[in-house]
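Chemist: Pasting final.cif here (mmCIF, C-alpha atoms):
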```cif
data_my_file
loop_
_atom_site.label_atom_id
_atom_site.label_comp_id
_atom_site.auth_asym_id
_atom_site.auth_seq_id
_atom_site.Cartn_x
_atom_site.Cartn_y
_atom_site.Cartn_z
CA MET T 1 47.50 26.43 -10.15
CA PHE T 2 43.74 26.27 -9.70
CA SER T 3 42.21 22.81 -9.99
CA ALA T 4 39.14 20.77 -9.16
CA ARG T 5 39.56 17.23 -7.98
CA LEU T 6 37.43 14.22 -7.04
CA VAL T 7 38.82 12.41 -4.00
CA ASN T 8 38.02 8.90 -2.76
CA THR T 9 38.92 7.32 0.58
CA LEU T 10 40.82 4.11 -0.20
CA PHE T 11 41.23 3.13 3.45
CA ARG T 12 39.54 4.53 6.55
CA GLY T 13 41.05 3.82 9.96
CA ASP T 14 40.53 5.19 13.43
CA VAL T 15 43.68 7.34 13.13
CA VAL T 16 44.95 7.16 9.54
CA SER T 17 42.97 7.27 6.29
CA ILE T 18 44.43 6.93 2.77
CA LEU T 19 43.04 9.13 -0.02
CA ALA T 20 43.40 9.23 -3.80
CA GLY T 21 42.05 11.69 -6.34
CA ALA T 22 42.20 13.04 -9.87
CA GLY T 23 41.06 16.21 -11.59
CA ALA T 24 41.84 19.04 -13.97
CA GLY T 25 42.60 22.73 -13.78
CA GLY T 26 44.44 25.75 -15.13
CA SER T 27 47.26 28.09 -14.15
CA THR T 28 48.47 31.67 -14.65
CA GLU T 29 52.11 32.61 -14.07
CA THR T 30 53.49 36.04 -13.26
CA SER T 31 54.22 36.56 -16.95
CA PHE T 32 50.54 35.98 -17.64
CA LEU T 33 51.27 32.71 -19.42
CA HIS T 34 48.11 30.62 -19.19
CA SER T 35 48.00 26.86 -19.28
CA TYR T 36 45.72 23.96 -18.47
CA GLY T 37 46.20 20.33 -17.51
CA VAL T 38 45.30 17.38 -15.35
CA ASN T 39 46.42 16.31 -11.91
CA ALA T 40 46.47 13.33 -9.58
CA MET T 41 46.79 13.13 -5.82
CA LEU T 42 47.73 10.55 -3.20
CA GLY T 43 47.34 11.58 0.39
CA ALA T 44 46.94 10.62 4.02
CA LYS T 45 44.77 12.01 6.79
CA PHE T 46 45.82 11.77 10.44
CA ALA T 47 43.02 12.29 12.97
CA VAL T 48 43.76 14.63 15.85
CA SER T 49 40.17 14.82 17.16
CA GLU T 50 36.72 13.65 16.22
CA ARG T 51 36.32 16.56 13.78
CA ALA T 52 39.84 17.61 12.75
CA ALA T 53 42.73 15.91 10.99
CA ILE T 54 46.15 16.76 9.54
CA ARG T 55 46.18 16.25 5.77
CA VAL T 56 49.35 15.42 3.75
CA ASP T 57 48.96 15.19 -0.05
CA ALA T 58 51.45 14.39 -2.80
CA VAL T 59 50.19 16.06 -5.99
CA ALA T 60 51.39 15.71 -9.60
CA ASP T 61 50.35 18.14 -12.37
CA TRP T 62 50.67 17.66 -16.12
CA LEU T 63 50.34 21.00 -18.01
CA ALA T 64 49.84 21.40 -21.74
CA ASN T 65 52.27 24.36 -22.10
CA TYR T 66 55.02 22.28 -20.53
CA SER T 67 54.68 19.38 -22.98
CA TRP T 68 52.72 17.48 -20.37
CA LYS T 69 55.77 17.02 -18.19
CA SER T 70 55.03 16.06 -14.61
CA ASN T 71 55.37 18.63 -11.83
CA GLN T 72 55.20 17.28 -8.28
CA ARG T 73 54.56 19.00 -5.00
CA LEU T 74 53.77 18.15 -1.38
CA GLN T 75 50.90 19.87 0.46
CA VAL T 76 50.21 19.89 4.19
CA GLY T 77 47.09 21.28 5.81
CA MET T 78 44.13 20.66 8.08
CA THR T 79 40.69 19.20 7.32
CA PHE T 80 37.57 19.57 9.38
CA ALA T 81 34.46 17.34 9.41
CA ARG T 82 30.91 18.40 10.24
CA GLY T 83 30.13 15.30 12.30
CA PRO T 84 31.80 12.62 14.43
CA ASN T 85 34.17 10.19 12.72
CA HIS T 86 34.62 12.62 9.80
CA THR T 87 31.18 11.87 8.42
CA VAL T 88 27.95 13.79 8.26
CA GLN T 89 25.58 12.01 10.58
CA ILE T 90 21.98 11.51 9.41
CA VAL T 91 19.56 10.92 12.27
CA ASN T 92 16.14 9.47 11.56
CA VAL T 93 13.65 10.87 14.06
CA PRO T 94 10.46 8.81 14.33
CA VAL T 95 7.41 10.90 13.61
CA ALA T 96 3.85 9.83 14.35
CA ALA T 97 2.26 8.94 11.05
CA ALA T 98 -0.66 11.05 9.95
CA PRO T 99 -3.92 9.13 9.65
CA TYR T 100 -4.27 7.57 6.24
CA VAL T 101 -7.24 8.86 4.33
CA GLN T 102 -8.23 6.80 1.33
CA ARG T 103 -10.20 8.47 -1.41
CA PRO T 104 -13.47 6.75 -2.24
CA ASP T 105 -12.18 5.94 -5.73
CA SER T 106 -8.79 4.60 -4.66
CA VAL T 107 -7.90 0.99 -3.87
CA SER T 108 -5.17 0.25 -1.34
CA ALA T 109 -2.58 -2.47 -1.76
CA GLU T 110 -4.16 -4.38 1.13
CA GLU T 111 -7.55 -4.25 -0.56
CA GLN T 112 -6.08 -5.45 -3.86
CA GLU T 113 -4.38 -8.34 -2.07
CA ARG T 114 -7.65 -9.21 -0.29
CA ARG T 115 -9.50 -9.29 -3.60
CA ARG T 116 -6.83 -11.46 -5.23
CA HIS T 117 -7.04 -13.84 -2.29
CA LEU T 118 -10.83 -14.04 -2.56
CA ALA T 119 -10.61 -14.59 -6.32
CA GLN T 120 -8.21 -17.49 -5.78
CA GLN T 121 -10.49 -18.98 -3.14
CA TYR T 122 -13.41 -18.79 -5.54
CA ARG T 123 -11.39 -20.48 -8.30
CA ASP T 124 -10.53 -23.27 -5.87
CA LEU T 125 -14.21 -23.63 -4.98
CA ARG T 126 -15.24 -23.61 -8.64
CA ASP T 127 -12.66 -26.27 -9.51
CA SER T 128 -13.79 -28.47 -6.63
CA LEU T 129 -17.40 -28.16 -7.78
CA ASN T 130 -16.40 -29.06 -11.32
CA ARG T 131 -14.68 -32.19 -10.05
CA ALA T 132 -17.65 -33.19 -7.89
CA PRO T 133 -20.33 -35.47 -9.41
CA ALA T 134 -23.37 -33.62 -10.70
CA PRO T 135 -26.40 -33.75 -8.40
CA ALA T 136 -29.21 -36.02 -9.39
CA ALA T 137 -31.60 -33.11 -9.77
CA MET T 138 -31.38 -29.35 -9.55
CA PRO T 139 -34.11 -27.04 -8.31
CA PRO T 140 -36.19 -25.35 -11.00
CA SER T 141 -35.56 -21.77 -12.03
CA SER T 142 -37.17 -19.50 -9.50
CA ALA T 143 -37.86 -15.79 -9.57
CA ALA T 144 -38.85 -16.19 -5.93
CA ALA T 145 -35.38 -17.55 -5.07
CA LEU T 146 -33.77 -14.57 -6.78
CA ALA T 147 -36.05 -12.19 -4.89
CA THR T 148 -35.15 -13.93 -1.62
CA MET T 149 -31.45 -13.41 -2.23
CA GLU T 150 -31.96 -9.72 -3.06
CA GLU T 151 -34.16 -8.96 -0.07
CA LYS T 152 -32.56 -6.48 2.33
CA ILE T 153 -32.24 -6.67 6.11
CA HIS T 154 -32.43 -3.59 8.36
CA PHE T 155 -30.83 -2.46 11.61
CA ALA T 156 -31.59 -0.28 14.60
CA THR T 157 -29.89 3.10 14.95
CA ASP T 158 -26.11 2.79 15.42
CA LYS T 159 -26.39 -1.00 15.75
CA SER T 160 -25.06 -3.99 13.85
CA ASP T 161 -26.97 -6.63 15.82
CA LEU T 162 -29.30 -8.86 13.82
CA SER T 163 -32.96 -8.67 14.74
CA PRO T 164 -35.16 -11.81 14.75
CA GLU T 165 -36.72 -10.60 11.47
CA SER T 166 -33.24 -10.26 9.89
CA LYS T 167 -32.25 -13.74 11.02
CA SER T 168 -35.44 -15.13 9.51
CA LEU T 169 -34.61 -13.51 6.15
CA LEU T 170 -31.05 -14.83 6.33
CA ASP T 171 -32.36 -18.35 7.03
CA ALA T 172 -34.35 -18.12 3.80
CA LYS T 173 -31.15 -17.13 1.96
CA VAL T 174 -29.36 -20.15 3.45
CA ALA T 175 -31.84 -22.44 1.66
CA VAL T 176 -31.10 -20.72 -1.65
CA PHE T 177 -27.36 -21.01 -1.02
CA ARG T 178 -27.68 -24.75 -0.47
CA ALA T 179 -29.78 -25.21 -3.61
CA ASN T 180 -27.23 -23.24 -5.71
CA PRO T 181 -23.72 -24.43 -4.77
CA GLY T 182 -22.02 -22.27 -7.41
CA MET T 183 -23.62 -19.04 -6.21
CA ARG T 184 -21.50 -16.27 -4.70
CA ILE T 185 -22.65 -12.91 -3.28
CA VAL T 186 -21.43 -9.63 -1.85
CA ILE T 187 -23.11 -8.07 1.19
CA MET T 188 -23.07 -4.27 1.22
CA GLY T 189 -23.51 -2.55 4.58
CA ASN T 190 -25.19 0.88 4.67
CA ALA T 191 -25.96 3.60 7.22
CA ASP T 192 -28.18 6.66 7.45
CA LEU T 193 -26.81 10.19 7.17
CA ARG T 194 -26.17 10.77 10.84
CA ALA T 195 -22.57 10.67 12.20
CA SER T 196 -19.41 11.22 10.12
CA ASP T 197 -18.58 9.55 6.84
CA THR T 198 -15.69 7.66 8.43
CA TYR T 199 -17.86 6.38 11.28
CA ASN T 200 -20.64 5.32 8.92
CA MET T 201 -18.20 3.43 6.66
CA ALA T 202 -17.04 1.43 9.68
CA LEU T 203 -20.64 0.88 10.80
CA GLY T 204 -21.52 -0.43 7.34
CA GLU T 205 -18.59 -2.85 7.54
CA ARG T 206 -19.81 -4.16 10.91
CA ARG T 207 -23.32 -4.67 9.53
CA SER T 208 -22.18 -6.60 6.47
CA ALA T 209 -19.79 -8.65 8.63
CA ALA T 210 -22.65 -9.53 11.03
CA ALA T 211 -24.77 -10.91 8.19
CA LYS T 212 -21.86 -12.91 6.79
CA ALA T 213 -21.04 -14.36 10.22
CA TYR T 214 -24.63 -15.55 10.61
CA LEU T 215 -24.65 -17.23 7.17
CA VAL T 216 -21.30 -18.90 7.85
CA ALA T 217 -22.62 -20.15 11.20
CA GLN T 218 -25.40 -21.87 9.25
CA GLY T 219 -22.85 -23.81 7.21
CA ILE T 220 -22.28 -21.55 4.19
CA ASP T 221 -18.64 -21.55 3.01
CA PRO T 222 -17.16 -18.09 3.83
CA ILE T 223 -15.38 -17.85 0.47
CA ARG T 224 -18.80 -17.62 -1.19
CA ILE T 225 -19.53 -14.33 0.60
CA GLU T 226 -17.74 -10.98 0.27
CA THR T 227 -18.47 -7.94 2.41
CA SER T 228 -18.32 -4.24 1.59
CA SER T 229 -19.51 -0.92 2.98
CA HIS T 230 -21.13 2.09 1.35
CA GLY T 231 -21.55 3.93 4.63
CA GLU T 232 -23.93 6.84 4.08
CA ARG T 233 -23.03 7.21 0.39
CA ASN T 234 -25.74 5.09 -1.22
CA PRO T 235 -29.13 6.00 0.30
CA ILE T 236 -32.25 4.53 -1.26
CA ALA T 237 -34.60 6.87 0.59
CA SER T 238 -34.10 10.64 0.45
CA GLY T 239 -34.52 13.02 3.35
CA THR T 240 -33.78 12.79 7.07
CA SER T 241 -37.13 11.58 8.33
CA LYS T 242 -37.24 8.62 10.68
CA GLU T 243 -38.81 6.51 7.94
CA ALA T 244 -36.06 7.37 5.44
CA GLU T 245 -33.32 6.74 7.99
CA ALA T 246 -34.82 3.35 8.88
CA ILE T 247 -34.86 2.34 5.21
CA ASN T 248 -31.24 3.38 4.70
CA ARG T 249 -29.94 1.42 7.74
CA ARG T 250 -29.61 -1.83 5.82
CA ASP T 251 -27.58 -4.64 4.33
CA GLY T 252 -27.99 -5.14 0.60
CA PHE T 253 -27.25 -8.43 -1.17
CA ARG T 254 -25.94 -8.67 -4.72
CA LEU T 255 -25.08 -11.74 -6.77
CA ILE T 256 -21.48 -11.86 -7.97
CA ILE T 257 -21.84 -15.33 -9.47
CA GLY T 258 -25.33 -16.65 -10.08
CA THR T 259 -26.40 -19.96 -11.56
CA ASP T 260 -28.68 -20.99 -14.38
CA TYR T 261 -31.22 -21.96 -11.75
CA LEU T 262 -31.30 -18.66 -9.93
CA VAL T 263 -32.87 -16.54 -12.67
CA PRO T 264 -36.48 -15.93 -13.57
CA ALA T 265 -37.79 -18.65 -15.85
CA LYS T 266 -38.46 -17.61 -19.44
CA PRO T 267 -42.19 -17.58 -20.34
#
```
Please render this file's structure as structure tokens.

Modeler:
Amino acid sequence: MFSARLVNTLFRGDVVSILAGAGAGGSTETSFLHSYGVNAMLGAKFAVSERAAIRVDAVADWLANYSWKSNQRLQVGMTFARGPNHTVQIVNVPVAAAPYVQRPDSVSAEEQERRRHLAQQYRDLRDSLNRAPAPAAMPPSSAAALATMEEKIHFATDKSDLSPESKSLLDAKVAVFRANPGMRIVIMGNADLRASDTYNMALGERRSAAAKAYLVAQGIDPIRIETSSHGERNPIASGTSKEAEAINRRDGFRLIIGTDYLVPAKP
């Protein structure tokens, strides 16, 4: 009798385990009479070491050529396991993670969560402004105010410190912020072509963060300002001359949410 059987452990103990199984198979007798049928098994396993056990199975076969009458037999043998406790042991070995490299066009889950958080903060700010009483008077439309907000600040080589000239420009932006309470911006840090792309991305982040920190220190709500970095990827001056590099070491300022008062007046 040749058969295949699925076996399940009903009870697992330190010494004795109880097994049950069922399957199907076929047989060939000496007279070349072929048959097929199903079988069931109930057995016990007695551990003699960590990897070996005595196996005793009671098996019943039901063959088609014998009108499906039951034929019982008792089998005794040995079983061997490939690991302790008759199980295959899976060991997780910690491996140092490779550095994560994010493609320029991909957005990580952390970045998506950060953006959702900022969007919710802005909605909260917008709702609070809608609930607040309207100011008695608003400043007139001003192309000069728009130009002030878009004016760039520049940095020394490999630095994110704000120069006195940069602070003066940021002070002018503070006045526009206060005159336009619904305005929101993003500061984009940039670097020249020297150093690696990864280093320049981090340098751009530090530069945009420095400008935001200064504006927040002057009383501007941080949820009105986002920061980003282009690193070396968005030069506005071509070439590697000192003049071009000085122009590219900058923070740019872009309106995300403007107001009706921060646009050039129609003629």

Chemist: Hey, which of T:Leu170, T:Leu255, T:Ala4, T:Gly77 ends up closest to T:Ala217? Count all atoms listed in the file.

Modeler: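 Nearest to T:Ala217: T:Leu170.
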
Chemist: Using all atoms listed in the file for the distances, tell me which of T:Glu151, T:Arg55, T:Leu19, T:Glu110 is nearest to T:Ala40.

Modeler: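 Counting all atoms listed in the file, the residue closest to T:Ala40 is T:Leu19.
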
Chemist: Compile the contact shell of stretch 152-162 of chain T as a tab-separated table (two decimals) with C-alpha atoms, in the frame of the given file: residues with an atom at most 9 Å away, counting all atoms listed in the file, same-chain residues fewer than 6 positions apart removed.

Modeler:
```tsv
chain	number	residue	atom	x	y	z
T	169	LEU	CA	-34.61	-13.51	6.15
T	170	LEU	CA	-31.05	-14.83	6.33
T	191	ALA	CA	-25.96	3.60	7.22
T	192	ASP	CA	-28.18	6.66	7.45
T	200	ASN	CA	-20.64	5.32	8.92
T	203	LEU	CA	-20.64	0.88	10.80
T	204	GLY	CA	-21.52	-0.43	7.34
T	206	ARG	CA	-19.81	-4.16	10.91
T	207	ARG	CA	-23.32	-4.67	9.53
T	208	SER	CA	-22.18	-6.60	6.47
T	209	ALA	CA	-19.79	-8.65	8.63
T	210	ALA	CA	-22.65	-9.53	11.03
T	211	ALA	CA	-24.77	-10.91	8.19
T	214	TYR	CA	-24.63	-15.55	10.61
T	245	GLU	CA	-33.32	6.74	7.99
T	246	ALA	CA	-34.82	3.35	8.88
T	247	ILE	CA	-34.86	2.34	5.21
T	248	ASN	CA	-31.24	3.38	4.70
T	249	ARG	CA	-29.94	1.42	7.74
T	250	ARG	CA	-29.61	-1.83	5.82
T	251	ASP	CA	-27.58	-4.64	4.33
T	252	GLY	CA	-27.99	-5.14	0.60
T	253	PHE	CA	-27.25	-8.43	-1.17
```

Chemist: Could you list, as a PDB file with C-alpha atoms, keeping the file's coordinate frame, every residue within 9 Å of T:Thr227, counting only C-alpha atoms and ignoring same-chain residues fewer than 5 positions away?

Modeler:
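Final file, selection02.pdb:
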```
ATOM      1  CA  ILE T 185     -22.650 -12.910  -3.280  1.00  0.00           C
ATOM      2  CA  VAL T 186     -21.430  -9.630  -1.850  1.00  0.00           C
ATOM      3  CA  ILE T 187     -23.110  -8.070   1.190  1.00  0.00           C
ATOM      4  CA  MET T 188     -23.070  -4.270   1.220  1.00  0.00           C
ATOM      5  CA  GLY T 189     -23.510  -2.550   4.580  1.00  0.00           C
ATOM      6  CA  GLU T 205     -18.590  -2.850   7.540  1.00  0.00           C
ATOM      7  CA  SER T 208     -22.180  -6.600   6.470  1.00  0.00           C
ATOM      8  CA  ALA T 209     -19.790  -8.650   8.630  1.00  0.00           C
ATOM      9  CA  LYS T 212     -21.860 -12.910   6.790  1.00  0.00           C
TER      10      LYS T 212
END
```

Chemist: Restricting the calculation to all atoms listed in the file: of T:Val76, T:Leu215, T:Leu6, T:Met201, which residue gets closest to T:Ser228?

Modeler: T:Met201

Chemist: Please evaluate the PyMOL selection byres ((chain T and resi 23) around 10) against the structure above and give the resulting residues as a list in words.

Modeler: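 Against this file, the PyMOL selection byres ((chain T and resi 23) around 10) returns the residues Ser3, Ala4, Arg5, Leu6, Val7, Gly21, Ala22, Ala24, Gly25, Gly37, Val38, Asn39, Ala40, Met41 and Asp61 of chain T.
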
Chemist: Closest to T:Asn180 among T:Ser142, T:Thr79, T:Gln112, T:Gln218, using only C-alpha atoms?

Modeler: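 Among the listed residues, T:Ser142 lies closest to T:Asn180.
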
Chemist: So that I can check the surroundings of T:Gln72, please list as a PyMOL selection string every protein, DNA and RNA residue that reaches within 8 Å of it, counting all atoms listed in the file and ignoring chain neighbours fewer than 4 positions away.

Modeler: chain T and resi 58-61

Chemist: Just say which residues the PyMOL selection byres ((chain T and resi 49) around 12) picks in this file, as an MDAnalysis selection string.

Modeler: chainID T and resid 14:16 45:48 50:54 78:81 83:86

Chemist: Do you have the atom CA of T:Asp127-atom CA of T:Lys173 distance handy?

Modeler: 23.6 Å

Chemist: Do you have the atom CA of T:Gly219-atom CA of T:Ser166 distance handy?

Modeler: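 These atoms are spaced 17.3 Å apart.
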
Chemist: So what do you get for atom CA of T:Glu150 versus atom CA of T:Arg254, distance-wise?

Modeler: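 These two atoms are separated by 6.3 Å.
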
Chemist: From the set T:Leu125, T:Ala175, T:Val216, T:Leu42, which residue has the shortest atom-to-atom contact distance to T:Arg73, counting all atoms listed in the file?

Modeler: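 Under the stated criterion, the closest residue is T:Leu42.
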
Chemist: Written as a ChimeraX atom specification, which residues does the PyMOL selection byres ((chain T and resi 114-118) around 12) give for the file shown?

Modeler: /T:107-113,119-125,184-186,222-228

Chemist: As a CSV table (one decimal), keeping the file's coordinate frame, could you write out stretch 199-218 of chain T once it has been completed with N, CA and C atoms?

Modeler:
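Saved result, out-v1.csv, follows:
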```
chain,number,residue,atom,x,y,z
T,199,TYR,N,-17.1,7.2,10.3
T,199,TYR,CA,-17.9,6.4,11.3
T,199,TYR,C,-18.9,5.5,10.6
T,200,ASN,N,-19.6,6.1,9.6
T,200,ASN,CA,-20.6,5.3,8.9
T,200,ASN,C,-20.0,4.2,8.0
T,201,MET,N,-18.9,4.5,7.4
T,201,MET,CA,-18.2,3.4,6.7
T,201,MET,C,-17.9,2.2,7.6
T,202,ALA,N,-17.4,2.5,8.8
T,202,ALA,CA,-17.0,1.4,9.7
T,202,ALA,C,-18.3,0.7,10.2
T,203,LEU,N,-19.4,1.5,10.4
T,203,LEU,CA,-20.6,0.9,10.8
T,203,LEU,C,-21.2,0.0,9.7
T,204,GLY,N,-21.1,0.4,8.4
T,204,GLY,CA,-21.5,-0.4,7.3
T,204,GLY,C,-20.7,-1.7,7.3
T,205,GLU,N,-19.4,-1.6,7.5
T,205,GLU,CA,-18.6,-2.8,7.5
T,205,GLU,C,-19.1,-3.8,8.6
T,206,ARG,N,-19.4,-3.3,9.8
T,206,ARG,CA,-19.8,-4.2,10.9
T,206,ARG,C,-21.1,-4.8,10.6
T,207,ARG,N,-22.0,-4.1,9.9
T,207,ARG,CA,-23.3,-4.7,9.5
T,207,ARG,C,-23.2,-5.8,8.5
T,208,SER,N,-22.4,-5.5,7.5
T,208,SER,CA,-22.2,-6.6,6.5
T,208,SER,C,-21.5,-7.8,7.1
T,209,ALA,N,-20.5,-7.6,8.0
T,209,ALA,CA,-19.8,-8.6,8.6
T,209,ALA,C,-20.7,-9.5,9.5
T,210,ALA,N,-21.7,-8.8,10.2
T,210,ALA,CA,-22.6,-9.5,11.0
T,210,ALA,C,-23.5,-10.5,10.2
T,211,ALA,N,-24.0,-10.0,9.0
T,211,ALA,CA,-24.8,-10.9,8.2
T,211,ALA,C,-23.9,-12.1,7.7
T,212,LYS,N,-22.7,-11.8,7.3
T,212,LYS,CA,-21.9,-12.9,6.8
T,212,LYS,C,-21.6,-13.9,7.9
T,213,ALA,N,-21.3,-13.4,9.1
T,213,ALA,CA,-21.0,-14.4,10.2
T,213,ALA,C,-22.2,-15.3,10.5
T,214,TYR,N,-23.4,-14.7,10.4
T,214,TYR,CA,-24.6,-15.6,10.6
T,214,TYR,C,-24.8,-16.6,9.5
T,215,LEU,N,-24.5,-16.2,8.3
T,215,LEU,CA,-24.6,-17.2,7.2
T,215,LEU,C,-23.6,-18.3,7.3
T,216,VAL,N,-22.4,-17.9,7.7
T,216,VAL,CA,-21.3,-18.9,7.8
T,216,VAL,C,-21.6,-19.8,9.0
T,217,ALA,N,-22.2,-19.3,10.1
T,217,ALA,CA,-22.6,-20.2,11.2
T,217,ALA,C,-23.7,-21.2,10.8
T,218,GLN,N,-24.4,-20.9,9.7
T,218,GLN,CA,-25.4,-21.9,9.2
T,218,GLN,C,-24.8,-22.9,8.3
```
